[in-house]
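Engineer: Here you go, query.pdb (PDB, C-alpha atoms):
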ATOM      1  CA  MET A  99     163.628 291.321 -64.890
ATOM      2  CA  LEU A 100     162.699 289.537 -61.657
ATOM      3  CA  MET A 101     159.706 287.885 -63.304
ATOM      4  CA  SER A 102     161.901 286.713 -66.179
ATOM      5  CA  ILE A 103     164.279 285.035 -63.733
ATOM      6  CA  ILE A 104     161.385 283.374 -61.898
ATOM      7  CA  ARG A 105     160.051 281.965 -65.167
ATOM      8  CA  THR A 106     163.509 280.567 -65.950
ATOM      9  CA  ILE A 107     164.456 278.927 -62.634
ATOM     10  CA  GLY A 108     161.032 278.434 -61.066
ATOM     11  CA  TYR A 109     158.850 279.831 -58.315
ATOM     12  CA  ARG A 110     160.806 278.141 -55.528
ATOM     13  CA  ALA A 111     163.624 280.666 -55.870
ATOM     14  CA  GLY A 112     163.948 282.758 -52.737
ATOM     15  CA  LYS A 113     165.092 286.206 -51.743
ATOM     16  CA  GLY A 114     168.735 285.179 -51.308
ATOM     17  CA  THR A 115     168.882 283.767 -54.819
ATOM     18  CA  MET A 116     167.333 286.914 -56.279
ATOM     19  CA  GLU A 117     169.799 289.139 -54.467
ATOM     20  CA  ILE A 118     172.629 287.242 -56.168
ATOM     21  CA  LYS A 119     170.928 287.408 -59.574
ATOM     22  CA  LEU A 120     169.963 291.088 -59.166
ATOM     23  CA  PRO A 121     172.738 292.734 -57.114
ATOM     24  CA  ASP A 122     171.669 296.256 -58.080
ATOM     25  CA  MET A 123     168.044 295.876 -56.981
ATOM     26  CA  PRO A 124     167.238 296.946 -53.379
ATOM     27  CA  ARG A 125     166.449 294.107 -50.966
ATOM     28  CA  ARG A 126     163.077 295.562 -49.957
ATOM     29  CA  VAL A 127     162.009 295.771 -53.606
ATOM     30  CA  ILE A 128     163.002 292.131 -54.180
ATOM     31  CA  SER A 129     161.143 290.998 -51.028
ATOM     32  CA  THR A 130     157.958 292.862 -51.912
ATOM     33  CA  ALA A 131     157.981 291.772 -55.542
ATOM     34  CA  LEU A 132     158.629 288.128 -54.660
ATOM     35  CA  ARG A 133     155.803 288.125 -52.136
ATOM     36  CA  VAL A 134     153.335 289.488 -54.710
ATOM     37  CA  ILE A 135     154.494 287.173 -57.522
ATOM     38  CA  LYS A 136     154.370 284.034 -55.359
ATOM     39  CA  THR A 137     150.966 284.935 -53.905
ATOM     40  CA  GLU A 138     149.520 285.362 -57.395
ATOM     41  CA  HIS A 139     151.136 282.103 -58.537
ATOM     42  CA  ARG A 140     149.656 280.150 -55.610
ATOM     43  CA  ALA A 141     146.228 281.587 -56.393
ATOM     44  CA  GLN A 142     146.546 280.586 -60.044
ATOM     45  CA  GLU A 143     147.632 277.066 -59.084
ATOM     46  CA  ALA A 144     144.717 276.756 -56.669
ATOM     47  CA  ARG A 145     142.251 277.806 -59.377
ATOM     48  CA  ARG A 146     143.792 275.398 -61.877
ATOM     49  CA  TRP A 147     143.659 272.543 -59.353
ATOM     50  CA  ALA A 148     140.017 273.292 -58.496
ATOM     51  CA  GLU A 149     139.007 273.443 -62.160
ATOM     52  CA  ASN A 150     140.611 270.068 -62.948
ATOM     53  CA  ARG A 151     139.812 268.191 -59.754
ATOM     54  CA  VAL A 152     137.669 265.090 -60.229
ATOM     55  CA  HIS A 153     135.083 264.568 -57.479
ATOM     56  CA  ILE A 154     133.770 261.098 -56.796
ATOM     57  CA  GLU A 155     130.435 260.911 -55.036
ATOM     58  CA  VAL A 156     129.695 257.394 -53.814
ATOM     59  CA  LEU A 157     125.970 256.636 -54.051
ATOM     60  CA  ALA A 158     125.808 253.192 -52.406
ATOM     61  CA  ALA A 159     126.644 252.381 -48.806
ATOM     62  CA  TRP A 160     129.678 250.078 -48.388
ATOM     63  CA  ALA A 161     130.393 250.054 -52.094
ATOM     64  CA  ILE A 162     133.779 251.545 -51.142
ATOM     65  CA  SER A 163     135.321 251.239 -47.701
ATOM     66  CA  CYS A 164     138.510 253.168 -46.955
ATOM     67  CA  GLN A 165     140.931 251.675 -44.432
ATOM     68  CA  ASP A 166     144.115 252.935 -42.810
ATOM     69  CA  SER A 167     146.251 252.481 -39.697
ATOM     70  CA  THR A 168     146.990 255.333 -37.328
ATOM     71  CA  HIS A 169     149.297 255.969 -34.401
ATOM     72  CA  ILE A 170     147.130 256.896 -31.395
ATOM     73  CA  GLY A 171     149.722 257.115 -28.619
ATOM     74  CA  ASP A 172     152.339 255.187 -26.681
ATOM     75  CA  CYS A 173     152.248 252.547 -23.955
ATOM     76  CA  GLY A 174     155.332 251.283 -22.138
ATOM     77  CA  GLY A 175     157.638 252.888 -24.666
ATOM     78  CA  ARG A 176     155.908 251.258 -27.651
ATOM     79  CA  LYS A 177     153.652 252.858 -30.219
ATOM     80  CA  VAL A 178     149.949 252.015 -30.114
ATOM     81  CA  TRP A 179     148.065 251.614 -33.383
ATOM     82  CA  ALA A 180     144.419 251.505 -34.410
ATOM     83  CA  GLU A 181     142.819 250.396 -37.657
ATOM     84  CA  VAL A 182     140.078 252.668 -39.013
ATOM     85  CA  ASN A 183     137.427 251.881 -41.617
ATOM     86  CA  ARG A 184     135.306 254.622 -43.196
ATOM     87  CA  ASP A 185     132.433 254.114 -45.599
ATOM     88  CA  ALA A 186     132.882 256.445 -48.551
ATOM     89  CA  ALA A 187     129.155 256.974 -49.100
ATOM     90  CA  THR A 188     127.915 257.644 -45.560
ATOM     91  CA  THR A 189     131.178 258.696 -43.785
ATOM     92  CA  TRP A 190     130.354 256.071 -41.099
ATOM     93  CA  SER A 191     133.624 255.187 -39.356
ATOM     94  CA  GLU A 192     134.883 252.739 -36.758
ATOM     95  CA  ALA A 193     138.181 251.814 -35.116
ATOM     96  CA  ASN A 194     139.421 248.268 -34.593
ATOM     97  CA  GLY A 195     142.477 246.421 -33.361
ATOM     98  CA  ASN A 196     144.310 245.641 -30.149
ATOM     99  CA  GLY A 197     146.903 248.391 -30.309
ATOM    100  CA  ARG A 198     149.427 246.503 -32.418
ATOM    101  CA  HIS A 199     150.250 247.023 -36.059
ATOM    102  CA  PHE A 200     147.987 244.985 -38.335
ATOM    103  CA  ASN A 201     149.590 241.916 -39.888
ATOM    104  CA  ALA A 202     148.129 239.380 -42.306
ATOM    105  CA  ASP A 203     146.461 237.350 -39.530
ATOM    106  CA  ALA A 204     144.876 240.444 -38.011
ATOM    107  CA  MET A 205     143.703 241.530 -41.455
ATOM    108  CA  HIS A 206     142.142 238.096 -41.964
ATOM    109  CA  ALA A 207     140.221 238.349 -38.685
ATOM    110  CA  HIS A 208     139.199 241.918 -39.527
ATOM    111  CA  LEU A 209     137.725 240.973 -42.905
ATOM    112  CA  GLU A 210     135.781 238.158 -41.274
ATOM    113  CA  TYR A 211     134.469 240.671 -38.737
ATOM    114  CA  LEU A 212     133.330 243.010 -41.520
ATOM    115  CA  TRP A 213     131.632 240.091 -43.262
ATOM    116  CA  HIS A 214     129.644 239.142 -40.150
ATOM    117  CA  GLN A 215     128.732 242.798 -39.534
ATOM    118  CA  GLY A 216     127.403 243.156 -43.082
ATOM    119  CA  ARG A 217     130.026 245.786 -43.881
ATOM    120  CA  LEU A 218     132.350 243.875 -46.187
ATOM    121  CA  PRO A 219     132.661 246.280 -49.134
ATOM    122  CA  LEU A 220     132.782 245.649 -52.837
ATOM    123  CA  VAL A 221     135.924 247.781 -53.021
ATOM    124  CA  LEU A 222     138.476 248.193 -50.230
ATOM    125  CA  ALA A 223     140.650 251.305 -50.567
ATOM    126  CA  THR A 224     143.995 251.272 -48.756
ATOM    127  CA  ASP A 225     147.474 252.697 -48.980
ATOM    128  CA  ASN A 226     150.512 250.524 -49.720
ATOM    129  CA  ALA A 227     151.262 249.320 -46.182
ATOM    130  CA  LEU A 228     152.693 245.821 -45.870
ATOM    131  CA  ALA A 229     149.619 244.360 -44.155
ATOM    132  CA  TYR A 230     147.468 245.324 -47.144
ATOM    133  CA  ASN A 231     149.890 243.924 -49.716
ATOM    134  CA  ASP A 232     150.765 240.690 -47.944
ATOM    135  CA  PHE A 233     150.202 237.569 -50.048
ATOM    136  CA  GLN A 234     147.711 236.199 -47.504
ATOM    137  CA  THR A 235     145.724 239.443 -47.581
ATOM    138  CA  VAL A 236     145.687 239.531 -51.375
ATOM    139  CA  HIS A 237     144.554 235.903 -51.490
ATOM    140  CA  LEU A 238     141.856 236.522 -48.867
ATOM    141  CA  LEU A 239     140.483 239.550 -50.705
ATOM    142  CA  ARG A 240     140.248 237.470 -53.862
ATOM    143  CA  SER A 241     138.479 234.630 -52.079
ATOM    144  CA  CYS A 242     136.025 237.147 -50.567
ATOM    145  CA  GLN A 243     135.596 238.794 -54.002
ATOM    146  CA  VAL A 244     136.655 242.205 -52.732
ATOM    147  CA  ILE A 245     138.358 244.495 -55.236
ATOM    148  CA  HIS A 246     141.482 246.119 -53.796
ATOM    149  CA  LEU A 247     141.828 249.822 -54.653
ATOM    150  CA  LEU A 248     145.441 250.683 -53.831
ATOM    151  CA  SER A 249     146.690 254.251 -53.612
ATOM    152  CA  ARG A 250     149.294 255.413 -56.056
ATOM    153  CA  PRO A 251     152.788 255.496 -54.544
ATOM    154  CA  HIS A 252     153.489 258.681 -52.560
ATOM    155  CA  THR A 253     149.942 259.936 -53.164
ATOM    156  CA  PRO A 254     148.189 260.046 -49.761
ATOM    157  CA  GLN A 255     145.260 262.004 -51.190
ATOM    158  CA  ASP A 256     144.151 258.792 -52.919
ATOM    159  CA  ASN A 257     143.008 257.543 -49.502
ATOM    160  CA  SER A 258     142.057 260.925 -48.093
ATOM    161  CA  ARG A 259     138.637 259.784 -46.872
ATOM    162  CA  ALA A 260     140.255 257.442 -44.371
ATOM    163  CA  GLU A 261     142.705 260.128 -43.300
ATOM    164  CA  TYR A 262     139.902 262.658 -42.759
ATOM    165  CA  GLY A 263     138.008 260.196 -40.582
ATOM    166  CA  ILE A 264     141.129 259.394 -38.584
ATOM    167  CA  GLY A 265     141.875 263.072 -38.047
ATOM    168  CA  GLU A 266     138.360 263.812 -36.837
ATOM    169  CA  GLY A 267     138.309 260.865 -34.430
ATOM    170  CA  LYS A 268     141.768 261.474 -32.967
ATOM    171  CA  ALA A 269     141.013 265.158 -32.418
ATOM    172  CA  LEU A 270     137.838 264.378 -30.468
ATOM    173  CA  ALA A 271     139.442 261.524 -28.514
ATOM    174  CA  GLU A 272     142.611 263.590 -27.878
ATOM    175  CA  LEU A 273     144.854 260.835 -29.173
ATOM    176  CA  GLY A 274     148.062 260.903 -31.157
ATOM    177  CA  LYS A 275     151.759 261.597 -30.857
ATOM    178  CA  GLY A 276     152.886 262.150 -27.271
ATOM    179  CA  VAL A 277     149.758 260.697 -25.668
ATOM    180  CA  GLN A 278     150.541 258.124 -22.972
ATOM    181  CA  LEU A 279     148.107 255.217 -22.727
ATOM    182  CA  LYS A 280     147.810 252.751 -19.862
ATOM    183  CA  ASN A 281     146.239 250.079 -22.023
ATOM    184  CA  PRO A 282     146.586 249.773 -25.843
ATOM    185  CA  ALA A 283     143.184 248.127 -26.358
ATOM    186  CA  LYS A 284     141.485 250.839 -24.298
ATOM    187  CA  GLY A 285     143.140 253.422 -26.524
ATOM    188  CA  VAL A 286     141.573 251.809 -29.583
ATOM    189  CA  ARG A 287     138.175 251.736 -27.836
ATOM    190  CA  ARG A 288     138.583 255.401 -26.962
ATOM    191  CA  LEU A 289     139.084 256.238 -30.622
ATOM    192  CA  ASP A 290     136.113 254.111 -31.637
ATOM    193  CA  GLU A 291     133.883 255.809 -29.058
ATOM    194  CA  ALA A 292     134.861 259.179 -30.523
ATOM    195  CA  LEU A 293     134.080 257.956 -34.046
ATOM    196  CA  GLN A 294     130.687 256.644 -32.940
ATOM    197  CA  THR A 295     129.934 260.048 -31.427
ATOM    198  CA  LEU A 296     130.777 261.677 -34.745
ATOM    199  CA  ASN A 297     128.647 259.117 -36.589
ATOM    200  CA  GLN A 298     125.699 260.112 -34.451
ATOM    201  CA  HIS A 299     126.094 263.861 -34.187
ATOM    202  CA  TRP A 300     128.209 265.403 -36.986
ATOM    203  CA  PRO A 301     125.995 266.774 -39.806
ATOM    204  CA  ARG A 302     127.942 266.556 -43.056
ATOM    205  CA  GLN A 303     127.677 269.711 -45.141
ATOM    206  CA  THR A 304     128.427 267.809 -48.342
ATOM    207  CA  LYS A 305     125.683 265.304 -47.495
ATOM    208  CA  ASP A 306     122.726 267.690 -47.105
ATOM    209  CA  GLY A 307     123.469 268.152 -43.421
ATOM    210  CA  LEU A 308     122.827 264.505 -42.536
ATOM    211  CA  THR A 309     124.874 262.524 -40.047
ATOM    212  CA  ALA A 310     126.533 259.221 -40.873
ATOM    213  CA  VAL A 311     123.836 257.322 -38.984
ATOM    214  CA  GLN A 312     121.105 259.135 -40.912
ATOM    215  CA  LEU A 313     122.872 258.475 -44.193
ATOM    216  CA  THR A 314     123.116 254.730 -43.463
ATOM    217  CA  GLN A 315     119.322 254.774 -43.160
ATOM    218  CA  LYS A 316     118.760 256.908 -46.253
ATOM    219  CA  LEU A 317     121.258 255.683 -48.832
ATOM    220  CA  PRO A 318     120.796 252.356 -50.626
ATOM    221  CA  TYR A 319     123.336 249.594 -49.983
ATOM    222  CA  TRP A 320     125.385 248.200 -52.828
ATOM    223  CA  GLU A 321     123.197 245.058 -52.827
ATOM    224  CA  ASN A 322     120.481 247.225 -54.440
ATOM    225  CA  PHE A 323     122.714 247.687 -57.487
ATOM    226  CA  THR A 324     124.377 244.349 -58.143
ATOM    227  CA  ARG A 325     125.585 241.010 -56.822
ATOM    228  CA  ARG A 326     129.101 240.673 -55.455
ATOM    229  CA  SER A 327     130.134 238.027 -57.974
ATOM    230  CA  THR A 328     128.766 240.072 -60.892
ATOM    231  CA  PHE A 329     130.612 243.217 -59.881
ATOM    232  CA  TYR A 330     133.824 241.371 -59.064
ATOM    233  CA  THR A 331     133.885 239.657 -62.464
ATOM    234  CA  ALA A 332     133.235 242.924 -64.278
ATOM    235  CA  ALA A 333     135.891 244.818 -62.314
ATOM    236  CA  GLN A 334     138.497 242.091 -62.841
ATOM    237  CA  ALA A 335     137.778 242.097 -66.566
ATOM    238  CA  ALA A 336     138.231 245.881 -66.665
ATOM    239  CA  ILE A 337     141.503 245.608 -64.752
ATOM    240  CA  SER A 338     142.788 242.850 -67.044
ATOM    241  CA  ALA A 339     141.978 244.990 -70.067
ATOM    242  CA  THR A 340     144.451 247.653 -68.906
ATOM    243  CA  CYS A 341     147.207 245.578 -70.477
ATOM    244  CA  SER A 342     146.857 243.385 -73.541
ATOM    245  CA  LYS A 343     149.971 241.268 -72.939
ATOM    246  CA  PRO A 344     149.523 237.953 -71.065
ATOM    247  CA  GLY A 345     150.448 238.227 -67.403
ATOM    248  CA  CYS A 346     150.871 241.971 -67.658
ATOM    249  CA  THR A 347     149.028 244.453 -65.475
ATOM    250  CA  GLY A 348     148.465 248.122 -66.141
ATOM    251  CA  SER A 349     149.857 251.013 -64.165
ATOM    252  CA  ARG A 350     148.381 251.810 -60.768
ATOM    253  CA  GLN A 351     146.543 254.782 -62.251
ATOM    254  CA  GLU A 352     145.075 252.641 -65.055
ATOM    255  CA  VAL A 353     143.924 249.982 -62.580
ATOM    256  CA  ARG A 354     142.302 252.622 -60.369
ATOM    257  CA  GLU A 355     140.536 254.095 -63.388
ATOM    258  CA  ALA A 356     139.274 250.637 -64.404
ATOM    259  CA  ILE A 357     137.793 250.130 -60.932
ATOM    260  CA  PHE A 358     136.138 253.550 -60.872
ATOM    261  CA  ARG A 359     134.803 253.024 -64.380
ATOM    262  CA  THR A 360     133.200 249.748 -63.279
ATOM    263  CA  LEU A 361     131.629 251.400 -60.230
ATOM    264  CA  GLU A 362     130.316 254.089 -62.562
ATOM    265  CA  GLN A 363     128.848 251.548 -64.950
ATOM    266  CA  PHE A 364     126.916 249.952 -62.099
ATOM    267  CA  GLY A 365     125.590 253.346 -61.011
ATOM    268  CA  MET A 366     127.342 253.348 -57.630
ATOM    269  CA  ILE A 367     129.475 256.462 -58.104
ATOM    270  CA  LEU A 368     129.061 259.810 -59.829
ATOM    271  CA  ARG A 369     132.165 261.597 -61.119
ATOM    272  CA  THR A 370     132.253 265.326 -61.821
ATOM    273  CA  ARG A 371     135.074 267.683 -62.709
ATOM    274  CA  GLY A 372     135.603 271.204 -61.426
ATOM    275  CA  GLU A 373     135.153 273.168 -58.243
ATOM    276  CA  ARG A 374     132.412 271.932 -55.921
ATOM    277  CA  LYS A 375     129.833 274.460 -54.807
ATOM    278  CA  GLY A 376     128.733 274.531 -51.202
ATOM    279  CA  PRO A 377     125.121 273.810 -50.190
TER     280      PRO A 377
END
Spit out the file's structure as structure tokens when you get a sec.
Structural biologist:
Amino acid sequence: MLMSIIRTIGYRAGKGTMEIKLPDMPRRVISTALRVIKTEHRAQEARRWAENRVHIEVLAAWAISCQDSTHIGDCGGRKVWAEVNRDAATTWSEANGNGRHFNADAMHAHLEYLWHQGRLPLVLATDNALAYNDFQTVHLLRSCQVIHLLSRPHTPQDNSRAEYGIGEGKALAELGKGVQLKNPAKGVRRLDEALQTLNQHWPRQTKDGLTAVQLTQKLPYWENFTRRSTFYTAAQAAISATCSKPGCTGSRQEVREAIFRTLEQFGMILRTRGERKGP
């Protein structure tokens, strides 16, 4: 009976609801049965998710760079922010900024910095923050021939690589909510120093135990696969093909798939489905 009710109204139903639906059933029986049913359901959902998960292994350094802003503390009653870039292939990460939220001008200067450092990617993955969607930023990315891989709305896992890097760096640097900083820029440098330490010393289990620095020396750069203009033209054509009507663009998911498909065609990513096995 309890299982039948769960199937009807869903697994989010709690003990109080079941006591109303089943007034003659003892409370301890309801609690025990619910705990078992929900545990089994979570296990089934986890297996289903693992079996259908698509893994994307990036094979070329700086083919995809993931970028995100993060709150690292407070100074003088104002929040301090840092901008973090993480290479999807090597996990190499760095923090930039002066402690303020990135705007279009800061994004412009940042892209120029990446260009001079030789780390301007073919594809820049970001969330939907205003600085990344500003008209100036969009125009600059086009002029630099960088494909913009935007996350789907309310889907933070689409930019999870950046979030993982941020979490690792902030944990080591002991930064985040409640931390008081004397100087915003020094807070950003503190995060970057932590990220550089991780780049040097953290062996990545999913990367044959190599550190980010070792991977930057081992993995080929995207220039070994294609030219920027060639890739950009191909990716834009794939994106345009997501909608046949003039001036129309496909859904965010379709655009993301077009970009990944282009990366796959150029041999810079490998996509697999199912649960990943550890080394």
Engineer: Determine the nearest neighbour of Ser258 of chain A from the options A:Glu355, A:Asp166, A:Glu291, A:Glu192, counting only C-alpha atoms.
Structural biologist: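 With only C-alpha atoms as the atom set, the closest residue is A:Asp166.
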Engineer: Give me, as an mmCIF file with C-alpha atoms, keeping the file's coordinate frame, all polymer residues having an atom no more than 12 Å from Arg110 of chain A, counting only C-alpha atoms and skipping those fewer than 6 positions away in the same chain.
Structural biologist:
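Final output, around19.cif:
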data_model
loop_
_atom_site.group_PDB
_atom_site.id
_atom_site.type_symbol
_atom_site.label_atom_id
_atom_site.label_comp_id
_atom_site.auth_asym_id
_atom_site.auth_seq_id
_atom_site.Cartn_x
_atom_site.Cartn_y
_atom_site.Cartn_z
ATOM 1 C CA ILE A 103 164.279 285.035 -63.733
ATOM 2 C CA ILE A 104 161.385 283.374 -61.898
ATOM 3 C CA MET A 116 167.333 286.914 -56.279
ATOM 4 C CA LEU A 132 158.629 288.128 -54.660
ATOM 5 C CA ARG A 133 155.803 288.125 -52.136
ATOM 6 C CA ILE A 135 154.494 287.173 -57.522
ATOM 7 C CA LYS A 136 154.370 284.034 -55.359
ATOM 8 C CA HIS A 139 151.136 282.103 -58.537
ATOM 9 C CA ARG A 140 149.656 280.150 -55.610
#
Engineer: I need the output of the PyMOL selection byres ((chain A and resi 262-267) around 12) for this file as a PyMOL selection string; which residues are they?
Structural biologist: chain A and resi 163-170+179-186+188-194+254-261+268-274+285-297+300+310
Engineer: Just the selected residues (C-alpha atoms), exported as a PDB file, in the frame of the given file, please.
Structural biologist:
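Once everything was written out, this is part_10.pdb:
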ATOM      1  CA  SER A 163     135.321 251.239 -47.701  1.00  0.00           C
ATOM      2  CA  CYS A 164     138.510 253.168 -46.955  1.00  0.00           C
ATOM      3  CA  GLN A 165     140.931 251.675 -44.432  1.00  0.00           C
ATOM      4  CA  ASP A 166     144.115 252.935 -42.810  1.00  0.00           C
ATOM      5  CA  SER A 167     146.251 252.481 -39.697  1.00  0.00           C
ATOM      6  CA  THR A 168     146.990 255.333 -37.328  1.00  0.00           C
ATOM      7  CA  HIS A 169     149.297 255.969 -34.401  1.00  0.00           C
ATOM      8  CA  ILE A 170     147.130 256.896 -31.395  1.00  0.00           C
ATOM      9  CA  TRP A 179     148.065 251.614 -33.383  1.00  0.00           C
ATOM     10  CA  ALA A 180     144.419 251.505 -34.410  1.00  0.00           C
ATOM     11  CA  GLU A 181     142.819 250.396 -37.657  1.00  0.00           C
ATOM     12  CA  VAL A 182     140.078 252.668 -39.013  1.00  0.00           C
ATOM     13  CA  ASN A 183     137.427 251.881 -41.617  1.00  0.00           C
ATOM     14  CA  ARG A 184     135.306 254.622 -43.196  1.00  0.00           C
ATOM     15  CA  ASP A 185     132.433 254.114 -45.599  1.00  0.00           C
ATOM     16  CA  ALA A 186     132.882 256.445 -48.551  1.00  0.00           C
ATOM     17  CA  THR A 188     127.915 257.644 -45.560  1.00  0.00           C
ATOM     18  CA  THR A 189     131.178 258.696 -43.785  1.00  0.00           C
ATOM     19  CA  TRP A 190     130.354 256.071 -41.099  1.00  0.00           C
ATOM     20  CA  SER A 191     133.624 255.187 -39.356  1.00  0.00           C
ATOM     21  CA  GLU A 192     134.883 252.739 -36.758  1.00  0.00           C
ATOM     22  CA  ALA A 193     138.181 251.814 -35.116  1.00  0.00           C
ATOM     23  CA  ASN A 194     139.421 248.268 -34.593  1.00  0.00           C
ATOM     24  CA  PRO A 254     148.189 260.046 -49.761  1.00  0.00           C
ATOM     25  CA  GLN A 255     145.260 262.004 -51.190  1.00  0.00           C
ATOM     26  CA  ASP A 256     144.151 258.792 -52.919  1.00  0.00           C
ATOM     27  CA  ASN A 257     143.008 257.543 -49.502  1.00  0.00           C
ATOM     28  CA  SER A 258     142.057 260.925 -48.093  1.00  0.00           C
ATOM     29  CA  ARG A 259     138.637 259.784 -46.872  1.00  0.00           C
ATOM     30  CA  ALA A 260     140.255 257.442 -44.371  1.00  0.00           C
ATOM     31  CA  GLU A 261     142.705 260.128 -43.300  1.00  0.00           C
ATOM     32  CA  LYS A 268     141.768 261.474 -32.967  1.00  0.00           C
ATOM     33  CA  ALA A 269     141.013 265.158 -32.418  1.00  0.00           C
ATOM     34  CA  LEU A 270     137.838 264.378 -30.468  1.00  0.00           C
ATOM     35  CA  ALA A 271     139.442 261.524 -28.514  1.00  0.00           C
ATOM     36  CA  GLU A 272     142.611 263.590 -27.878  1.00  0.00           C
ATOM     37  CA  LEU A 273     144.854 260.835 -29.173  1.00  0.00           C
ATOM     38  CA  GLY A 274     148.062 260.903 -31.157  1.00  0.00           C
ATOM     39  CA  GLY A 285     143.140 253.422 -26.524  1.00  0.00           C
ATOM     40  CA  VAL A 286     141.573 251.809 -29.583  1.00  0.00           C
ATOM     41  CA  ARG A 287     138.175 251.736 -27.836  1.00  0.00           C
ATOM     42  CA  ARG A 288     138.583 255.401 -26.962  1.00  0.00           C
ATOM     43  CA  LEU A 289     139.084 256.238 -30.622  1.00  0.00           C
ATOM     44  CA  ASP A 290     136.113 254.111 -31.637  1.00  0.00           C
ATOM     45  CA  GLU A 291     133.883 255.809 -29.058  1.00  0.00           C
ATOM     46  CA  ALA A 292     134.861 259.179 -30.523  1.00  0.00           C
ATOM     47  CA  LEU A 293     134.080 257.956 -34.046  1.00  0.00           C
ATOM     48  CA  GLN A 294     130.687 256.644 -32.940  1.00  0.00           C
ATOM     49  CA  THR A 295     129.934 260.048 -31.427  1.00  0.00           C
ATOM     50  CA  LEU A 296     130.777 261.677 -34.745  1.00  0.00           C
ATOM     51  CA  ASN A 297     128.647 259.117 -36.589  1.00  0.00           C
ATOM     52  CA  TRP A 300     128.209 265.403 -36.986  1.00  0.00           C
ATOM     53  CA  ALA A 310     126.533 259.221 -40.873  1.00  0.00           C
TER      54      ALA A 310
END
Engineer: If we count all atoms listed in the file, what is near Asn322 of chain A at a cut-off of 12 Å, once residues fewer than 6 positions away on the same chain are taken out, given as a list of chain:residue names?
Structural biologist: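 Surrounding residues, per the criterion: A:Leu157, A:Ala158, A:Ala159, A:Trp160, A:Ala161, A:Phe364, A:Gly365, A:Met366.
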Engineer: Mind pulling up the distance from atom CA of Gln315 of chain A to atom CA of Arg371 of chain A?
Structural biologist: 28.2 Å
Engineer: Let me know the centre plus edge lengths, in Å and rounded to one decimal, of a box with edges along x, y and z that contains all listed atoms of segment 265-277 of chain A and is padded by 4 Å on every side, as JSON.
Structural biologist:
{"center_x": 145.4, "center_y": 262.9, "center_z": -31.9, "size_x": 23.0, "size_y": 12.5, "size_z": 20.4}
Engineer: Quick one: everything within 10 Å of segment 235-245 of chain A, counting only C-alpha atoms, minus sequence neighbours fewer than 3 positions away in the same chain. Send it as a ChimeraX atom specification.
Structural biologist: /A:162,201-206,209-210,213,218-223,228-232,248,326-331,333-334,357
Engineer: Which residues match the PyMOL selection byres ((chain A and resi 369) around 7) in the file above, as a ChimeraX atom specification?
Structural biologist: /A:152-155,367-368,370-371
